[in-house]
file protein.pdb (PDB, C-alpha atoms and all ligand atoms)
ATOM      1  CA  MET A   1     151.317 149.527  43.982  1.00  0.00           C
ATOM      2  CA  ARG A   2     151.726 151.010  40.508  1.00  0.00           C
ATOM      3  CA  PRO A   3     149.810 154.281  40.201  1.00  0.00           C
ATOM      4  CA  LEU A   4     146.796 154.251  37.905  1.00  0.00           C
ATOM      5  CA  THR A   5     148.318 157.146  35.935  1.00  0.00           C
ATOM      6  CA  ILE A   6     151.302 154.997  34.910  1.00  0.00           C
ATOM      7  CA  LYS A   7     149.053 152.130  33.904  1.00  0.00           C
ATOM      8  CA  ILE A   8     146.835 154.407  31.828  1.00  0.00           C
ATOM      9  CA  ILE A   9     149.804 156.000  30.047  1.00  0.00           C
ATOM     10  CA  HIS A  10     151.287 152.571  29.272  1.00  0.00           C
ATOM     11  CA  ASP A  11     147.943 151.201  28.056  1.00  0.00           C
ATOM     12  CA  GLU A  12     147.267 154.217  25.874  1.00  0.00           C
ATOM     13  CA  HIS A  13     150.771 154.041  24.431  1.00  0.00           C
ATOM     14  CA  SER A  14     150.366 150.392  23.434  1.00  0.00           C
ATOM     15  CA  ALA A  15     146.947 151.008  21.945  1.00  0.00           C
ATOM     16  CA  LEU A  16     148.217 153.976  20.013  1.00  0.00           C
ATOM     17  CA  ALA A  17     151.328 152.105  18.863  1.00  0.00           C
ATOM     18  CA  ALA A  18     149.089 149.364  17.432  1.00  0.00           C
ATOM     19  CA  MET A  19     147.079 151.953  15.507  1.00  0.00           C
ATOM     20  CA  LEU A  20     150.190 153.722  14.262  1.00  0.00           C
ATOM     21  CA  ARG A  21     151.899 150.517  13.129  1.00  0.00           C
ATOM     22  CA  SER A  22     148.825 149.607  11.086  1.00  0.00           C
ATOM     23  CA  ILE A  23     149.355 152.620   8.819  1.00  0.00           C
ATOM     24  CA  PRO A  24     152.654 151.535   7.171  1.00  0.00           C
ATOM     25  CA  LEU A  25     151.364 147.945   7.086  1.00  0.00           C
ATOM     26  CA  LEU A  26     148.303 149.000   5.104  1.00  0.00           C
ATOM     27  CA  LEU A  27     150.487 151.045   2.754  1.00  0.00           C
ATOM     28  CA  ALA A  28     153.036 148.274   2.268  1.00  0.00           C
ATOM     29  CA  GLU A  29     150.261 145.811   1.472  1.00  0.00           C
ATOM     30  CA  GLN A  30     149.015 148.026  -1.366  1.00  0.00           C
ATOM     31  CA  ARG A  31     152.498 148.602  -2.705  1.00  0.00           C
ATOM     32  CA  ARG A  32     153.264 144.889  -2.676  1.00  0.00           C
ATOM     33  CA  HIS A  33     150.236 144.229  -4.853  1.00  0.00           C
ATOM     34  CA  MET A  34     151.007 147.291  -6.965  1.00  0.00           C
ATOM     35  CA  THR A  35     147.505 148.573  -6.254  1.00  0.00           C
ATOM     36  CA  LEU A  36     146.049 151.758  -4.904  1.00  0.00           C
ATOM     37  CA  PRO A  37     143.810 151.515  -1.846  1.00  0.00           C
ATOM     38  CA  ASP A  38     140.141 151.128  -2.771  1.00  0.00           C
ATOM     39  CA  ALA A  39     137.406 153.109  -1.052  1.00  0.00           C
ATOM     40  CA  ALA A  40     137.535 150.801   1.970  1.00  0.00           C
ATOM     41  CA  GLY A  41     141.340 151.076   2.123  1.00  0.00           C
ATOM     42  CA  PHE A  42     141.222 154.860   2.177  1.00  0.00           C
ATOM     43  CA  ALA A  43     138.417 154.739   4.721  1.00  0.00           C
ATOM     44  CA  ALA A  44     140.651 152.623   6.984  1.00  0.00           C
ATOM     45  CA  LEU A  45     143.546 155.092   6.664  1.00  0.00           C
ATOM     46  CA  ARG A  46     141.248 158.035   7.324  1.00  0.00           C
ATOM     47  CA  ALA A  47     139.771 156.306  10.368  1.00  0.00           C
ATOM     48  CA  LEU A  48     143.216 155.596  11.831  1.00  0.00           C
ATOM     49  CA  LEU A  49     144.408 159.164  11.360  1.00  0.00           C
ATOM     50  CA  PHE A  50     141.183 160.582  12.720  1.00  0.00           C
ATOM     51  CA  TYR A  51     141.498 158.464  15.839  1.00  0.00           C
ATOM     52  CA  VAL A  52     145.114 159.529  16.392  1.00  0.00           C
ATOM     53  CA  ASP A  53     143.993 163.128  16.005  1.00  0.00           C
ATOM     54  CA  GLU A  54     140.958 162.799  18.258  1.00  0.00           C
ATOM     55  CA  PHE A  55     142.210 160.781  21.141  1.00  0.00           C
ATOM     56  CA  PRO A  56     145.925 161.174  21.833  1.00  0.00           C
ATOM     57  CA  GLU A  57     146.367 164.609  20.362  1.00  0.00           C
ATOM     58  CA  ARG A  58     143.431 166.053  22.260  1.00  0.00           C
ATOM     59  CA  ARG A  59     143.290 163.954  25.417  1.00  0.00           C
ATOM     60  CA  HIS A  60     146.494 162.013  26.090  1.00  0.00           C
ATOM     61  CA  HIS A  61     149.085 164.686  25.339  1.00  0.00           C
ATOM     62  CA  PRO A  62     147.289 167.515  27.133  1.00  0.00           C
ATOM     63  CA  LYS A  63     147.102 165.449  30.315  1.00  0.00           C
ATOM     64  CA  GLU A  64     150.834 164.768  30.150  1.00  0.00           C
ATOM     65  CA  SER A  65     151.748 168.360  29.351  1.00  0.00           C
ATOM     66  CA  GLN A  66     149.297 169.973  31.755  1.00  0.00           C
ATOM     67  CA  LEU A  67     149.295 167.578  34.690  1.00  0.00           C
ATOM     68  CA  LEU A  68     152.239 165.203  34.838  1.00  0.00           C
ATOM     69  CA  PHE A  69     155.031 167.334  33.376  1.00  0.00           C
ATOM     70  CA  PRO A  70     154.453 170.403  35.594  1.00  0.00           C
ATOM     71  CA  LYS A  71     154.742 168.231  38.697  1.00  0.00           C
ATOM     72  CA  LEU A  72     157.952 166.721  37.380  1.00  0.00           C
ATOM     73  CA  ARG A  73     159.364 170.124  36.489  1.00  0.00           C
ATOM     74  CA  ALA A  74     158.861 171.187  40.091  1.00  0.00           C
ATOM     75  CA  ARG A  75     160.396 168.086  41.650  1.00  0.00           C
ATOM     76  CA  ALA A  76     163.171 167.222  39.195  1.00  0.00           C
ATOM     77  CA  PRO A  77     164.590 170.389  37.612  1.00  0.00           C
ATOM     78  CA  GLU A  78     167.350 168.387  35.897  1.00  0.00           C
ATOM     79  CA  ILE A  79     164.768 166.808  33.615  1.00  0.00           C
ATOM     80  CA  ARG A  80     163.401 170.117  32.330  1.00  0.00           C
ATOM     81  CA  PRO A  81     165.245 170.105  28.965  1.00  0.00           C
ATOM     82  CA  LEU A  82     163.786 166.693  28.169  1.00  0.00           C
ATOM     83  CA  LEU A  83     160.305 167.819  29.236  1.00  0.00           C
ATOM     84  CA  ASP A  84     160.695 170.871  26.985  1.00  0.00           C
ATOM     85  CA  ARG A  85     161.442 168.580  24.078  1.00  0.00           C
ATOM     86  CA  LEU A  86     158.430 166.360  24.791  1.00  0.00           C
ATOM     87  CA  ASP A  87     156.179 169.404  25.211  1.00  0.00           C
ATOM     88  CA  GLU A  88     157.385 170.658  21.831  1.00  0.00           C
ATOM     89  CA  ASP A  89     156.508 167.287  20.305  1.00  0.00           C
ATOM     90  CA  HIS A  90     153.007 167.626  21.776  1.00  0.00           C
ATOM     91  CA  LEU A  91     152.652 171.121  20.358  1.00  0.00           C
ATOM     92  CA  ARG A  92     153.937 170.107  16.937  1.00  0.00           C
ATOM     93  CA  GLY A  93     151.758 166.982  16.959  1.00  0.00           C
ATOM     94  CA  GLU A  94     148.566 168.799  16.152  1.00  0.00           C
ATOM     95  CA  ARG A  95     150.034 170.423  13.058  1.00  0.00           C
ATOM     96  CA  ALA A  96     151.746 167.190  12.008  1.00  0.00           C
ATOM     97  CA  ILE A  97     148.566 165.119  12.083  1.00  0.00           C
ATOM     98  CA  ARG A  98     146.709 167.813  10.166  1.00  0.00           C
ATOM     99  CA  ASP A  99     149.444 167.818   7.475  1.00  0.00           C
ATOM    100  CA  LEU A 100     149.313 164.044   7.310  1.00  0.00           C
ATOM    101  CA  GLU A 101     145.530 164.048   6.935  1.00  0.00           C
ATOM    102  CA  HIS A 102     145.889 166.546   4.121  1.00  0.00           C
ATOM    103  CA  ALA A 103     148.550 164.402   2.433  1.00  0.00           C
ATOM    104  CA  LEU A 104     146.184 161.436   2.664  1.00  0.00           C
ATOM    105  CA  LEU A 105     143.477 163.460   0.990  1.00  0.00           C
ATOM    106  CA  GLY A 106     145.983 164.303  -1.750  1.00  0.00           C
ATOM    107  CA  PHE A 107     146.774 160.610  -2.190  1.00  0.00           C
ATOM    108  CA  GLU A 108     143.081 159.768  -2.390  1.00  0.00           C
ATOM    109  CA  MET A 109     142.312 162.540  -4.883  1.00  0.00           C
ATOM    110  CA  MET A 110     145.457 162.376  -7.020  1.00  0.00           C
ATOM    111  CA  GLY A 111     146.342 158.683  -6.798  1.00  0.00           C
ATOM    112  CA  GLU A 112     149.771 157.335  -7.712  1.00  0.00           C
ATOM    113  CA  ALA A 113     151.305 160.800  -8.100  1.00  0.00           C
ATOM    114  CA  ARG A 114     150.880 161.389  -4.367  1.00  0.00           C
ATOM    115  CA  ARG A 115     151.510 157.891  -3.051  1.00  0.00           C
ATOM    116  CA  ALA A 116     155.224 158.234  -2.302  1.00  0.00           C
ATOM    117  CA  ALA A 117     154.778 161.619  -0.623  1.00  0.00           C
ATOM    118  CA  PHE A 118     152.143 160.218   1.704  1.00  0.00           C
ATOM    119  CA  GLU A 119     154.158 157.075   2.431  1.00  0.00           C
ATOM    120  CA  VAL A 120     157.260 159.086   3.373  1.00  0.00           C
ATOM    121  CA  MET A 121     155.264 161.465   5.546  1.00  0.00           C
ATOM    122  CA  ALA A 122     153.356 158.659   7.263  1.00  0.00           C
ATOM    123  CA  GLU A 123     156.556 156.700   7.896  1.00  0.00           C
ATOM    124  CA  ARG A 124     158.217 159.740   9.442  1.00  0.00           C
ATOM    125  CA  TYR A 125     155.176 160.564  11.566  1.00  0.00           C
ATOM    126  CA  VAL A 126     154.820 157.017  12.893  1.00  0.00           C
ATOM    127  CA  ARG A 127     158.537 156.701  13.666  1.00  0.00           C
ATOM    128  CA  ALA A 128     158.653 160.020  15.520  1.00  0.00           C
ATOM    129  CA  TYR A 129     155.532 159.165  17.499  1.00  0.00           C
ATOM    130  CA  LEU A 130     156.845 155.759  18.541  1.00  0.00           C
ATOM    131  CA  GLN A 131     160.153 157.316  19.597  1.00  0.00           C
ATOM    132  CA  HIS A 132     158.332 159.959  21.622  1.00  0.00           C
ATOM    133  CA  MET A 133     156.373 157.343  23.555  1.00  0.00           C
ATOM    134  CA  GLU A 134     159.459 155.203  24.042  1.00  0.00           C
ATOM    135  CA  LEU A 135     161.326 158.174  25.496  1.00  0.00           C
ATOM    136  CA  GLU A 136     158.494 158.873  27.935  1.00  0.00           C
ATOM    137  CA  GLU A 137     158.444 155.267  29.057  1.00  0.00           C
ATOM    138  CA  ARG A 138     162.202 154.995  29.389  1.00  0.00           C
ATOM    139  CA  GLU A 139     163.046 158.359  30.971  1.00  0.00           C
ATOM    140  CA  ILE A 140     159.952 160.042  32.322  1.00  0.00           C
ATOM    141  CA  LEU A 141     157.785 157.399  33.936  1.00  0.00           C
ATOM    142  CA  PRO A 142     160.556 155.743  36.011  1.00  0.00           C
ATOM    143  CA  LEU A 143     161.694 159.162  37.223  1.00  0.00           C
ATOM    144  CA  ALA A 144     158.128 160.129  38.107  1.00  0.00           C
ATOM    145  CA  LEU A 145     157.854 156.991  40.223  1.00  0.00           C
ATOM    146  CA  GLN A 146     160.959 158.063  42.126  1.00  0.00           C
ATOM    147  CA  VAL A 147     160.232 161.724  42.751  1.00  0.00           C
ATOM    148  CA  LEU A 148     156.468 162.269  42.970  1.00  0.00           C
ATOM    149  CA  SER A 149     154.691 162.086  46.326  1.00  0.00           C
ATOM    150  CA  PRO A 150     151.609 160.011  47.215  1.00  0.00           C
ATOM    151  CA  GLN A 151     149.628 163.260  47.140  1.00  0.00           C
ATOM    152  CA  ASP A 152     150.905 163.951  43.592  1.00  0.00           C
ATOM    153  CA  TRP A 153     149.833 160.483  42.474  1.00  0.00           C
ATOM    154  CA  ALA A 154     146.413 160.823  44.070  1.00  0.00           C
ATOM    155  CA  GLU A 155     145.806 164.034  42.113  1.00  0.00           C
ATOM    156  CA  LEU A 156     147.139 162.591  38.873  1.00  0.00           C
ATOM    157  CA  ASP A 157     145.199 159.346  39.207  1.00  0.00           C
ATOM    158  CA  ASP A 158     142.038 161.311  39.682  1.00  0.00           C
ATOM    159  CA  ALA A 159     142.607 163.367  36.544  1.00  0.00           C
ATOM    160  CA  PHE A 160     143.858 160.502  34.383  1.00  0.00           C
ATOM    161  CA  ALA A 161     140.979 158.245  35.377  1.00  0.00           C
ATOM    162  CA  THR A 162     138.628 160.453  33.401  1.00  0.00           C
ATOM    163  CA  ASN A 163     140.887 160.120  30.349  1.00  0.00           C
ATOM    164  CA  LYS A 164     139.530 156.855  28.995  1.00  0.00           C
ATOM    165  CA  ASP A 165     140.308 155.028  25.789  1.00  0.00           C
ATOM    166  CA  PRO A 166     138.176 152.152  24.475  1.00  0.00           C
ATOM    167  CA  LEU A 167     141.199 150.450  22.918  1.00  0.00           C
ATOM    168  CA  THR A 168     142.897 150.073  26.289  1.00  0.00           C
ATOM    169  CA  GLY A 169     139.959 148.423  27.976  1.00  0.00           C
ATOM    170  CA  HIS A 170     139.105 151.240  30.354  1.00  0.00           C
ATOM    171  CA  LEU A 171     135.430 152.053  30.548  1.00  0.00           C
ATOM    172  CA  PRO A 172     134.926 154.201  27.475  1.00  0.00           C
ATOM    173  CA  GLU A 173     133.019 157.389  27.201  1.00  0.00           C
ATOM    174  CA  ALA A 174     130.184 156.851  24.737  1.00  0.00           C
ATOM    175  CA  GLU A 175     131.562 159.036  21.948  1.00  0.00           C
ATOM    176  CA  TYR A 176     134.992 157.402  21.983  1.00  0.00           C
ATOM    177  CA  GLU A 177     133.464 153.968  22.140  1.00  0.00           C
ATOM    178  CA  GLN A 178     131.528 154.755  18.948  1.00  0.00           C
ATOM    179  CA  LEU A 179     134.600 156.169  17.247  1.00  0.00           C
ATOM    180  CA  PHE A 180     136.680 153.188  18.317  1.00  0.00           C
ATOM    181  CA  GLN A 181     134.117 150.742  16.939  1.00  0.00           C
ATOM    182  CA  LYS A 182     134.152 152.586  13.625  1.00  0.00           C
ATOM    183  CA  VAL A 183     137.938 152.404  13.383  1.00  0.00           C
ATOM    184  CA  LEU A 184     137.822 148.735  14.271  1.00  0.00           C
ATOM    185  CA  ARG A 185     135.298 148.043  11.517  1.00  0.00           C
ATOM    186  CA  ALA A 186     137.333 150.023   8.990  1.00  0.00           C
ATOM    187  CA  VAL A 187     140.721 148.380   9.539  1.00  0.00           C
ATOM    188  CA  PRO A 188     141.239 144.867   8.108  1.00  0.00           C
ATOM    189  CA  ALA A 189     141.369 142.271  10.895  1.00  0.00           C
ATOM    190  CA  PRO A 190     144.808 140.740  10.141  1.00  0.00           C
ATOM    191  CA  LEU A 191     146.414 144.062  10.995  1.00  0.00           C
ATOM    192  CA  GLY A 192     145.937 143.371  14.632  1.00  0.00           C
ATOM    193  CA  LEU A 193     143.583 145.882  16.188  1.00  0.00           C
ATOM    194  CA  GLY A 194     141.376 143.148  17.549  1.00  0.00           C
ATOM    195  CA  PRO A 195     140.889 141.792  21.048  1.00  0.00           C
ATOM    196  CA  ALA A 196     144.474 140.466  21.148  1.00  0.00           C
ATOM    197  CA  LEU A 197     145.394 143.837  22.606  1.00  0.00           C
TER     198      LEU A 197
HETATM  199 FE    FE B 201     153.671 162.499  25.178  1.00  0.00          FE
HETATM  200 FE    FE B 202     152.489 159.735  26.139  1.00  0.00          FE
END
call {"tool": "encode", "arguments": {"input": "protein.pdb", "output": "structure tokens"}}
result
Amino acid sequence: MRPLTIKIIHDEHSALAAMLRSIPLLLAEQRRHMTLPDAAGFAALRALLFYVDEFPERRHHPKESQLLFPKLRARAPEIRPLLDRLDEDHLRGERAIRDLEHALLGFEMMGEARRAAFEVMAERYVRAYLQHMELEEREILPLALQVLSPQDWAELDDAFATNKDPLTGHLPEAEYEQLFQKVLRAVPAPLGLGPAL
């Protein structure tokens, strides 16, 4: 049977990917109409970035870096360089999201003059994030299934089970449920954050 940890990581990745992909879609929509986002548009962008900052940066990545990766380092030394790279991504992630949030504020305050800068930064951030998750799914998770013991999985499943995300359908903790509902209300429905996930 597939360990709960793997399922949670996959679910959180798809939820996060949906959020991330909404950002360039929102931006492209505005550019196509040659408009700047209105107050609701900026609120949607702020909500998406805040969620990415709150949930994955503070909950998802730390569990990978502190729980899963150390076990893999011990059991599969050959994968250490790749784990180093992913750990670095996690470390850099916090700064990157902060910079992006600041760039969004610049766009909101300064308008057109800061649009392109924010678009480029957002595009780069989203691409790097999607690649990071793809790498974990392609290289790390299959290897973990091969080398970790039932005892390892029992420990990980226990820890990951408390790491819940409303978007993935796990029972949410109250504060994340509220945050999730806010993001959902802020982002226009056609962009696909609805129940289809
Ligand atoms: Fe990660
Ligand atoms: Fe991940």
call {"tool": "resolve_selection", "arguments": {"input": "protein.pdb", "expression": "the PyMOL selection byres (((not hetatm)) within 12 of (chain B and resi 202))", "output": "PyMOL selection string"}}
result
chain A and resi 5-17+55-65+68-69+83+86-87+89-90+93+129-141+160
call {"tool": "closest_residue", "arguments": {"input": "protein.pdb", "among": "A:Glu29, A:Glu101, A:Glu108, A:Asp84", "to": "ligand FE 201 (chain B)", "atoms": "all atoms listed in the file"}}
result
A:Asp84
call {"tool": "closest_residue", "arguments": {"input": "protein.pdb", "among": "A:Ile79, A:Leu67, A:Ala43, A:Val52", "to": "Leu105 in chain A", "atoms": "all atoms listed in the file"}}
result
A:Ala43
call {"tool": "atom_distance", "arguments": {"input": "protein.pdb", "atom1": "CA of Ala116 in chain A", "atom2": "CA of Asp99 in chain A"}}
result
14.9 Å
call {"tool": "atom_distance", "arguments": {"input": "protein.pdb", "atom1": "CA of Arg46 in chain A", "atom2": "CA of Ile97 in chain A"}}
result
11.2 Å
call {"tool": "closest_residue", "arguments": {"input": "protein.pdb", "among": "A:Leu49, A:Leu26, A:Leu82, A:Ala39", "to": "ligand FE 201 (chain B)", "atoms": "all atoms listed in the file"}}
result
A:Leu82
call {"tool": "closest_residue", "arguments": {"input": "protein.pdb", "among": "A:Leu4, A:Ala74, A:Leu104, A:Ala128", "to": "ligand FE 201 (chain B)", "atoms": "all atoms listed in the file"}}
result
A:Ala128
call {"tool": "closest_residue", "arguments": {"input": "protein.pdb", "among": "A:Glu88, A:Asp152, A:Glu54, A:Glu78", "to": "ligand FE 201 (chain B)", "atoms": "all atoms listed in the file"}}
result
A:Glu88
